[in-house]
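> Below: one structure in structure tokens.
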Amino acid sequence: MQNENLNSQLPVFSVSQITSLIKEILETSFRTITIEGEISNWRPSSSGHIYFTLKDNVSQIKAVIFRSAAYKLSFSPKDGDKVRCTGNLTVYAAQGNYQIVVSKMEPAGTGNILQMLEERKQKLAAEGLFDSEKKRPLPLFPKTIGVVTSPTGAAIRDILNIAKRRNPKINIIVLPAIVQGDGAAQTIIRMIEIANFYKLCDILIVGRGGGSLEDLLPFSEENVVRAVSSSNIPVISAVGHEIDWALCDYAADFRAPTPSAAAEMAIPVLEDIKIELQDYKEDLYNNINRIVKNTRLLIKSFNPDSLEIKFRNIQQPLLNRFENAKTNLFENIKNKIKDYRNIISNSKTILENASPQTILDRGYSMVTDKKGNVIRNETQVSAGDEIKITLAKGKLSASVN
């Protein structure tokens, strides 16, 4: 009887009411949390959202990454990957399920990070971002060097000290960037873009001091690597210490083991430049003196007597060639005249032999009628016709009987 009274005093909730209370308690108590687990049932949707399950050896929780966050993923997750997800807990009232809405995901554990970096490296290499043909030489005498790094880190202090020691005349522009954690990749990319857009420097050093593998991840972000590769300004990648590495090392024109080494690589020593210029000056002076000396000796040899001899030496072969040519020309003309005389004589003989007078001189005569027509046949005349007979000397008149 007492239990019945007690039960009647307890509040009665509808399903919706209790679900709303649970939703309020969960979502207000766990606004931003990070959960580590293994991916299961990874399901990208056509809308761009990704649904999956996070699980460990005992439990599991549903998860979703909306399209805006999925676009920012720096690697390609898959079933079985161990990841660390940051987001908010929410309750899906229609089914009474709770889930985590993921805003950020990263591999959990160094081994997975190395695997992720290797996969990304192979992908970018296949696109040609690391090709040696794209590497450019550094300018020999840069005027300004830009440094994309933390303005308060040890890296920039080392670079400034080396610049002051090696060549204080070179300008150093610090392009301040966050070098680890959230937002680091975006600021690094932004500084590279600003340096290129405004053409702020001749060489760009992109890097930071040493750190853990996770600390150096921004310099292996895909968009950072692409920004380094597409820079119009030659880039030196100087990430971490000598044993550290990042993917932008492969995309840069040069890789330096440390920021200090990058500074020494980019900044020529002023004293060395002065010494080299002095050597060039001395070489130029000696070459000019040698040319002047040789020219004077050459000019000295051109006195009037030697010039006449040289002129004669040049002239004499030409005169000989002229005389030979003249003699040959005269001989050719004489031979041509002789040949033409023979031709004319032969032609004259032929014409003389064919002359009517020559034929008459042989005893022949030419008979014509009164009209002057030559009579070659007796049928051309009749009895009583008057004819003329032309002899070698003189003419006769006769009539035909």
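So you can find residues: chains in the structure tokens are A, B, ... in the order shown, residues in each start at 1, and ligands are numbered from 1 in order.
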May I have the residues within 12 Å of range 167-175 of chain A as a PyMOL selection string, using only C-alpha atoms and disregarding those fewer than 4 positions away in the same chain?
chain A and resi 141-153+155-157+159-163+179+187-196+199-207+263-264+266-274
> Name the residues in contact with Gln99 in chain A at a cut-off of 10 Å, using only C-alpha atoms, excluding same-chain residues fewer than 6 positions from it; report them as a list in words.
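After dropping sequence-adjacent residues, the list is Thr53, Leu54, Gln60, Ile61, Lys62, Ala63, Val64, Gly87, Asn88, Leu89, Thr90, Val91 and Tyr92 of chain A.
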> Go ahead and dump the residues you just picked, C-alpha atoms, as a PDB file, in the first residue's frame.

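What landed in selection.pdb:
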```pdb
ATOM      1  CA  THR A  53      31.072   4.999 -35.630  1.00  0.00           C
ATOM      2  CA  LEU A  54      33.810   5.497 -33.054  1.00  0.00           C
ATOM      3  CA  GLN A  60      30.838   2.670 -29.426  1.00  0.00           C
ATOM      4  CA  ILE A  61      29.332   6.045 -30.290  1.00  0.00           C
ATOM      5  CA  LYS A  62      27.819   7.313 -33.517  1.00  0.00           C
ATOM      6  CA  ALA A  63      29.505  10.271 -35.159  1.00  0.00           C
ATOM      7  CA  VAL A  64      28.941  12.639 -38.043  1.00  0.00           C
ATOM      8  CA  GLY A  87      33.241  18.172 -31.369  1.00  0.00           C
ATOM      9  CA  ASN A  88      29.926  18.472 -29.525  1.00  0.00           C
ATOM     10  CA  LEU A  89      27.623  15.790 -28.174  1.00  0.00           C
ATOM     11  CA  THR A  90      24.074  15.963 -29.542  1.00  0.00           C
ATOM     12  CA  VAL A  91      20.926  13.869 -29.109  1.00  0.00           C
ATOM     13  CA  TYR A  92      18.893  12.855 -32.138  1.00  0.00           C
TER      14      TYR A  92
END
```
> Could you give me, as a list in words, the residues within 12 Å of range 367-375 of chain A, counting only C-alpha atoms and dropping anything in the same chain fewer than 2 positions from it?
Leu360, Tyr364, Ser365, Asn377, Glu378, Thr379, Gln380, Val381, Ser382, Gly384, Asp385, Glu386, Ile387, Lys388, Ile389, Thr390, Leu391, Lys395, Leu396, Ser397, Ala398, Ser399 and Val400 of chain A
> So that I have them on file, write out the residues from the current selection with N, CA and C atoms, as an mmCIF file, in the first residue's frame.

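New file result.cif:
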```cif
data_model
loop_
_atom_site.group_PDB
_atom_site.id
_atom_site.type_symbol
_atom_site.label_atom_id
_atom_site.label_comp_id
_atom_site.auth_asym_id
_atom_site.auth_seq_id
_atom_site.Cartn_x
_atom_site.Cartn_y
_atom_site.Cartn_z
ATOM 1 N N LEU A 360 79.303 33.256 -165.097
ATOM 2 C CA LEU A 360 79.457 33.796 -166.456
ATOM 3 C C LEU A 360 80.908 33.758 -166.885
ATOM 4 N N TYR A 364 79.640 30.564 -169.284
ATOM 5 C CA TYR A 364 78.190 30.451 -169.350
ATOM 6 C C TYR A 364 77.606 31.816 -169.685
ATOM 7 N N SER A 365 76.319 31.819 -170.136
ATOM 8 C CA SER A 365 75.619 33.073 -170.399
ATOM 9 C C SER A 365 74.206 32.967 -169.872
ATOM 10 N N ASN A 377 64.035 27.203 -170.675
ATOM 11 C CA ASN A 377 63.500 26.102 -171.475
ATOM 12 C C ASN A 377 63.047 26.664 -172.817
ATOM 13 N N GLU A 378 63.238 25.903 -173.903
ATOM 14 C CA GLU A 378 62.900 26.376 -175.245
ATOM 15 C C GLU A 378 61.407 26.635 -175.406
ATOM 16 N N THR A 379 60.632 26.042 -174.550
ATOM 17 C CA THR A 379 59.183 26.225 -174.661
ATOM 18 C C THR A 379 58.755 27.607 -174.230
ATOM 19 N N GLN A 380 59.697 28.369 -173.606
ATOM 20 C CA GLN A 380 59.348 29.696 -173.127
ATOM 21 C C GLN A 380 59.367 30.735 -174.266
ATOM 22 N N VAL A 381 59.904 30.379 -175.435
ATOM 23 C CA VAL A 381 60.018 31.335 -176.545
ATOM 24 C C VAL A 381 59.382 30.749 -177.800
ATOM 25 N N SER A 382 59.149 31.647 -178.760
ATOM 26 C CA SER A 382 58.603 31.242 -180.079
ATOM 27 C C SER A 382 59.470 31.870 -181.162
ATOM 28 N N GLY A 384 60.814 34.143 -183.832
ATOM 29 C CA GLY A 384 60.677 35.564 -184.039
ATOM 30 C C GLY A 384 60.756 36.373 -182.765
ATOM 31 N N ASP A 385 60.793 35.694 -181.589
ATOM 32 C CA ASP A 385 60.894 36.446 -180.310
ATOM 33 C C ASP A 385 62.255 37.079 -180.181
ATOM 34 N N GLU A 386 62.255 38.292 -179.609
ATOM 35 C CA GLU A 386 63.492 38.997 -179.342
ATOM 36 C C GLU A 386 64.026 38.511 -177.979
ATOM 37 N N ILE A 387 65.311 38.220 -177.937
ATOM 38 C CA ILE A 387 65.924 37.784 -176.687
ATOM 39 C C ILE A 387 67.203 38.552 -176.456
ATOM 40 N N LYS A 388 67.683 38.562 -175.175
ATOM 41 C CA LYS A 388 68.942 39.190 -174.807
ATOM 42 C C LYS A 388 69.831 38.151 -174.186
ATOM 43 N N ILE A 389 71.104 38.227 -174.542
ATOM 44 C CA ILE A 389 72.076 37.253 -174.032
ATOM 45 C C ILE A 389 73.123 38.025 -173.240
ATOM 46 N N THR A 390 73.247 37.699 -171.934
ATOM 47 C CA THR A 390 74.220 38.359 -171.073
ATOM 48 C C THR A 390 75.420 37.459 -170.967
ATOM 49 N N LEU A 391 76.610 38.029 -171.386
ATOM 50 C CA LEU A 391 77.865 37.275 -171.356
ATOM 51 C C LEU A 391 78.686 37.721 -170.158
ATOM 52 N N LYS A 395 76.664 42.328 -173.612
ATOM 53 C CA LYS A 395 75.375 41.707 -173.833
ATOM 54 C C LYS A 395 75.130 41.655 -175.346
ATOM 55 N N LEU A 396 74.280 40.674 -175.787
ATOM 56 C CA LEU A 396 73.908 40.507 -177.200
ATOM 57 C C LEU A 396 72.409 40.530 -177.298
ATOM 58 N N SER A 397 71.926 41.060 -178.468
ATOM 59 C CA SER A 397 70.514 40.977 -178.791
ATOM 60 C C SER A 397 70.347 40.012 -179.931
ATOM 61 N N ALA A 398 69.309 39.171 -179.890
ATOM 62 C CA ALA A 398 69.118 38.163 -180.955
ATOM 63 C C ALA A 398 67.621 37.892 -181.068
ATOM 64 N N SER A 399 67.268 37.168 -182.171
ATOM 65 C CA SER A 399 65.894 36.751 -182.360
ATOM 66 C C SER A 399 65.898 35.252 -182.591
ATOM 67 N N VAL A 400 64.791 34.641 -182.164
ATOM 68 C CA VAL A 400 64.659 33.184 -182.260
ATOM 69 C C VAL A 400 64.169 32.828 -183.627
#
```
> So that I can check the secondary structure, give me every residue of range 197-379 of chain A assigned strand (DSSP E) by backbone DSSP, as number ranges by chain.
A: 203-208, 235-239, 254-255, 366-369
> So the first atom is CA of Tyr198 in chain A and the second is CA of Glu127 in chain A; what is the distance between them in Å, to one decimal place?
27.7 Å
> Please extract the residues of range 157-386 of chain A with a backbone DSSP assignment of helix (DSSP H, G or I) and present them as an MDAnalysis selection string.
chainID A and resid 157:166 184:197 217:220 222:229 248:251 259:266 270:300 304:353 356:361 378:380
> Could you name the residues that touch range 46-51 of chain A at 10 Å or less, counting only C-alpha atoms, but leaving out those on the same chain fewer than 6 positions away, as a ChimeraX atom specification?
/A:40,62-71,101-102
> Any idea what the distance is between CA of Arg136 in chain A and CA of Arg255 in chain A?
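Spanning CA of Arg136 in chain A to CA of Arg255 in chain A is a straight-line distance of 12.2 Å.
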> Find the distance between CA of Ile100 in chain A and CA of Glu27 in chain A and write it in Å to one decimal.
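Computing the Euclidean distance for CA of Ile100 in chain A and CA of Glu27 in chain A yields 9.9 Å.
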> Using only C-alpha atoms for the distances, tell me which of A:Thr28, A:Ser345, A:Ser237, A:Asn401 is nearest to Thr258 in chain A.
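Nearest to Thr258 in chain A: A:Ser237.
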> Compare A:Lys78, A:Arg296, A:Lys121, A:Lys336 by their minimum atom-to-atom distance to Arg43 in chain A, counting only C-alpha atoms, and give me the closest one.
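So, comparing all the options, the nearest one is A:Lys78.
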> If you count only C-alpha atoms, which residues fall within 10 Å of Lys72 in chain A, apart from same-chain ones fewer than 5 positions away, as a list in words?
Arg67, Ser103, Lys104, Met105 and Asn223 of chain A
> Using N, CA and C atoms, can you write the selected residues to a file as a CSV table (one decimal), in the first residue's frame?

```
chain,number,residue,atom,x,y,z
A,67,ARG,N,29.6,18.5,-44.0
A,67,ARG,CA,30.4,18.8,-45.2
A,67,ARG,C,31.4,19.9,-45.0
A,103,SER,N,34.0,18.4,-35.4
A,103,SER,CA,34.4,19.6,-36.1
A,103,SER,C,35.9,19.5,-36.5
A,104,LYS,N,36.6,18.5,-35.9
A,104,LYS,CA,38.0,18.4,-36.2
A,104,LYS,C,38.4,16.9,-35.9
A,105,MET,N,39.2,16.4,-36.8
A,105,MET,CA,39.7,15.0,-36.7
A,105,MET,C,41.2,14.9,-37.0
A,223,ASN,N,47.5,21.9,-48.1
A,223,ASN,CA,47.3,23.3,-48.6
A,223,ASN,C,48.6,24.1,-48.4
```
